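final19.cif follows; it contains mmCIF, C-alpha atoms.
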data_my_file
loop_
_atom_site.label_atom_id
_atom_site.label_comp_id
_atom_site.auth_asym_id
_atom_site.auth_seq_id
_atom_site.Cartn_x
_atom_site.Cartn_y
_atom_site.Cartn_z
CA MET A 1 -23.19 -21.43 -38.01
CA ARG A 2 -21.72 -18.54 -39.92
CA ARG A 3 -23.81 -16.05 -37.92
CA VAL A 4 -22.57 -17.57 -34.68
CA LEU A 5 -18.96 -17.19 -35.78
CA ILE A 6 -19.51 -13.58 -36.85
CA LEU A 7 -21.26 -12.81 -33.55
CA PHE A 8 -18.44 -14.46 -31.59
CA PHE A 9 -15.80 -12.49 -33.50
CA PHE A 10 -17.72 -9.23 -32.99
CA LEU A 11 -18.11 -9.80 -29.23
CA HIS A 12 -14.46 -10.80 -28.85
CA THR A 13 -13.32 -7.66 -30.67
CA LEU A 14 -15.68 -5.46 -28.65
CA CYS A 15 -14.43 -6.90 -25.34
CA SER A 16 -10.81 -6.38 -26.39
CA ILE A 17 -11.48 -2.75 -27.25
CA LEU A 18 -13.30 -2.10 -23.97
CA VAL A 19 -10.51 -3.64 -21.89
CA ALA A 20 -7.93 -1.55 -23.71
CA GLN A 21 -9.78 1.68 -22.86
CA THR A 22 -8.66 1.88 -19.23
CA THR A 23 -6.99 5.14 -18.24
CA ALA A 24 -5.47 3.95 -14.98
CA GLY A 25 -2.43 2.03 -13.86
CA ARG A 26 -1.56 0.11 -10.72
CA ILE A 27 1.18 -0.52 -8.19
CA THR A 28 1.53 -4.01 -6.73
CA GLY A 29 4.10 -5.88 -4.72
CA THR A 30 5.00 -7.87 -1.63
CA VAL A 31 6.12 -6.56 1.76
CA SER A 32 8.57 -8.68 3.75
CA ASP A 33 11.21 -8.40 6.46
CA HIS A 34 14.97 -8.88 6.14
CA THR A 35 14.60 -12.68 6.52
CA GLY A 36 12.12 -12.89 3.65
CA ALA A 37 9.10 -13.52 5.89
CA VAL A 38 6.04 -11.73 4.54
CA ILE A 39 4.34 -9.03 6.61
CA ALA A 40 0.55 -9.19 6.74
CA GLY A 41 -1.43 -6.08 7.59
CA ALA A 42 1.23 -3.56 6.56
CA SER A 43 -0.09 -0.16 5.50
CA VAL A 44 0.79 0.95 1.96
CA ILE A 45 0.06 4.55 0.93
CA ALA A 46 0.70 5.94 -2.55
CA THR A 47 0.74 9.74 -2.83
CA ASN A 48 0.65 11.39 -6.24
CA ALA A 49 3.66 13.73 -6.30
CA ASP A 50 1.85 16.29 -8.50
CA THR A 51 -1.65 16.38 -7.00
CA GLY A 52 -1.15 15.07 -3.46
CA ALA A 53 -3.98 12.54 -3.95
CA ARG A 54 -3.55 9.54 -1.65
CA HIS A 55 -4.51 5.90 -2.24
CA SER A 56 -4.06 3.27 0.45
CA ALA A 57 -4.16 -0.49 0.88
CA ALA A 58 -3.12 -3.11 3.39
CA THR A 59 -1.14 -6.26 2.69
CA ASN A 60 -3.00 -9.56 2.77
CA ALA A 61 -1.95 -12.75 4.58
CA GLU A 62 0.67 -13.40 1.86
CA GLY A 63 2.14 -9.90 2.27
CA GLN A 64 0.81 -8.76 -1.10
CA TYR A 65 -0.78 -5.39 -1.84
CA GLY A 66 -2.42 -3.77 -4.85
CA LEU A 67 -3.25 -0.13 -5.48
CA TYR A 68 -5.74 0.33 -8.33
CA PRO A 69 -6.98 2.42 -10.08
CA LEU A 70 -4.23 5.04 -10.03
CA PRO A 71 -4.24 7.96 -12.47
CA PRO A 72 -0.98 8.18 -14.44
CA GLY A 73 1.79 10.09 -12.70
CA SER A 74 4.67 9.82 -10.28
CA TYR A 75 3.91 8.39 -6.83
CA ASP A 76 5.68 8.30 -3.48
CA LEU A 77 5.05 4.97 -1.78
CA GLN A 78 5.09 4.76 2.03
CA VAL A 79 5.03 1.34 3.70
CA GLN A 80 4.75 0.84 7.44
CA ALA A 81 3.97 -1.92 9.93
CA GLY A 82 4.13 -2.24 13.69
CA GLY A 83 7.64 -3.04 14.95
CA PHE A 84 9.27 -2.02 11.65
CA ARG A 85 10.80 1.16 10.29
CA THR A 86 8.76 3.05 7.71
CA GLU A 87 10.07 2.69 4.15
CA VAL A 88 9.48 5.37 1.51
CA LEU A 89 9.99 4.85 -2.23
CA LYS A 90 10.02 8.11 -4.19
CA GLY A 91 9.09 8.62 -7.82
CA VAL A 92 7.33 5.35 -8.68
CA PRO A 93 6.02 5.89 -12.23
CA VAL A 94 2.47 4.81 -13.08
CA ASP A 95 1.43 4.73 -16.73
CA VAL A 96 -1.90 4.00 -18.42
CA SER A 97 -2.77 0.28 -18.45
CA SER A 98 0.49 -0.68 -16.75
CA THR A 99 1.53 -2.29 -13.49
CA ALA A 100 4.52 -1.05 -11.50
CA VAL A 101 5.78 -3.85 -9.25
CA ARG A 102 7.54 -2.65 -6.09
CA ASN A 103 8.53 -5.26 -3.52
CA VAL A 104 9.47 -3.68 -0.19
CA THR A 105 11.69 -5.01 2.59
CA LEU A 106 11.10 -3.45 6.00
CA ALA A 107 13.87 -3.24 8.60
CA VAL A 108 13.12 -4.01 12.22
CA GLY A 109 12.43 -0.79 14.11
CA LYS A 110 13.65 0.29 17.50
CA LEU A 111 11.53 -0.79 20.42
CA GLU A 112 10.59 2.36 22.22
CA GLN A 113 8.96 2.43 25.59
CA GLN A 114 7.68 5.48 27.34
CA MET A 115 6.92 5.45 31.04
CA THR A 116 5.30 8.27 32.96
CA ILE A 117 5.56 8.20 36.74
CA THR A 118 3.42 10.49 38.82
CA ALA A 119 3.80 10.60 42.59
CA GLU A 120 2.83 12.93 45.37
CA ALA A 121 5.32 13.99 47.97
CA ALA A 122 4.95 12.44 51.42
CA PRO A 123 3.63 14.88 54.02
CA ILE A 124 6.21 16.41 56.35
CA LEU A 125 5.61 15.98 60.09
CA THR A 126 5.66 19.34 61.85
CA GLN A 127 5.03 18.05 65.40
CA SER A 128 7.31 15.87 67.37
CA ILE A 129 6.12 13.10 69.61
CA SER A 130 7.57 13.37 73.13
#
Exercise: express the given structure as structure tokens:
Amino acid sequence: MRRVLILFFFLHTLCSILVAQTTAGRITGTVSDHTGAVIAGASVIATNADTGARHSAATNAEGQYGLYPLPPGSYDLQVQAGGFRTEVLKGVPVDVSSTAVRNVTLAVGKLEQQMTITAEAAPILTQSIS
């Protein structure tokens, strides 16, 4: 019994040490509109301000996103979805073994419509009928 307890303690300690050895952080949050309704399928891009490295994710059906693993640093977060204005959060800090929670509210965007009309001119009659 004593050996089992020692083995259990050793494994528990080893697992705790291994979990603590992560060198990355994460950014998580929820994307919603001004009414509080969540936005599924929104694109979330985190760009490291120092290196330019980009990490991307999409929100799930509950509007939640998670970016992991992210090396420590300062990140610019860009969130966009169809029919909404793009939101940019600058300077989101990511530290080792930490989670930065950033909930984002997107404003309704302008509906833009572009129409291209192409027509040929009607031929001009050069003869008269008499």
What separation in Å, quoted to one decimal, exists between atom CA of Glu62 of chain A and atom CA of Gln80 of chain A?
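These two atoms are separated by 15.8 Å.
Across A:Leu106, A:Ile39, A:Val31, A:Leu70, the tightest approach to Pro93 of chain A is made by A:Leu70 when counting all atoms listed in the file.
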Counting all atoms listed in the file, the residue of A:Val79, A:Pro72, A:Glu87, A:Asn103 that sits nearest Thr51 of chain A:
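When distances to Thr51 of chain A are compared using all atoms listed in the file, the smallest one comes from A:Pro72.
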Neighbour list for His55 of chain A as a PDB file with C-alpha atoms, in the frame of the given file, cut-off 12 Å, all atoms listed in the file, skip fewer than 4 positions in-chain:
ATOM      1  CA  ARG A  26      -1.560   0.110 -10.720  1.00  0.00           C
ATOM      2  CA  ILE A  27       1.180  -0.520  -8.190  1.00  0.00           C
ATOM      3  CA  SER A  43      -0.090  -0.160   5.500  1.00  0.00           C
ATOM      4  CA  VAL A  44       0.790   0.950   1.960  1.00  0.00           C
ATOM      5  CA  ILE A  45       0.060   4.550   0.930  1.00  0.00           C
ATOM      6  CA  ALA A  46       0.700   5.940  -2.550  1.00  0.00           C
ATOM      7  CA  THR A  47       0.740   9.740  -2.830  1.00  0.00           C
ATOM      8  CA  ASN A  48       0.650  11.390  -6.240  1.00  0.00           C
ATOM      9  CA  THR A  51      -1.650  16.380  -7.000  1.00  0.00           C
ATOM     10  CA  TYR A  65      -0.780  -5.390  -1.840  1.00  0.00           C
ATOM     11  CA  GLY A  66      -2.420  -3.770  -4.850  1.00  0.00           C
ATOM     12  CA  LEU A  67      -3.250  -0.130  -5.480  1.00  0.00           C
ATOM     13  CA  TYR A  68      -5.740   0.330  -8.330  1.00  0.00           C
ATOM     14  CA  PRO A  69      -6.980   2.420 -10.080  1.00  0.00           C
ATOM     15  CA  LEU A  70      -4.230   5.040 -10.030  1.00  0.00           C
ATOM     16  CA  PRO A  71      -4.240   7.960 -12.470  1.00  0.00           C
ATOM     17  CA  TYR A  75       3.910   8.390  -6.830  1.00  0.00           C
ATOM     18  CA  ASP A  76       5.680   8.300  -3.480  1.00  0.00           C
ATOM     19  CA  LEU A  77       5.050   4.970  -1.780  1.00  0.00           C
ATOM     20  CA  GLN A  78       5.090   4.760   2.030  1.00  0.00           C
TER      21      GLN A  78
END
Selection dump of the PyMOL selection byres ((chain A and resi 33) around 10), as a PyMOL selection string
chain A and resi 31-32+34-39+84+104-108
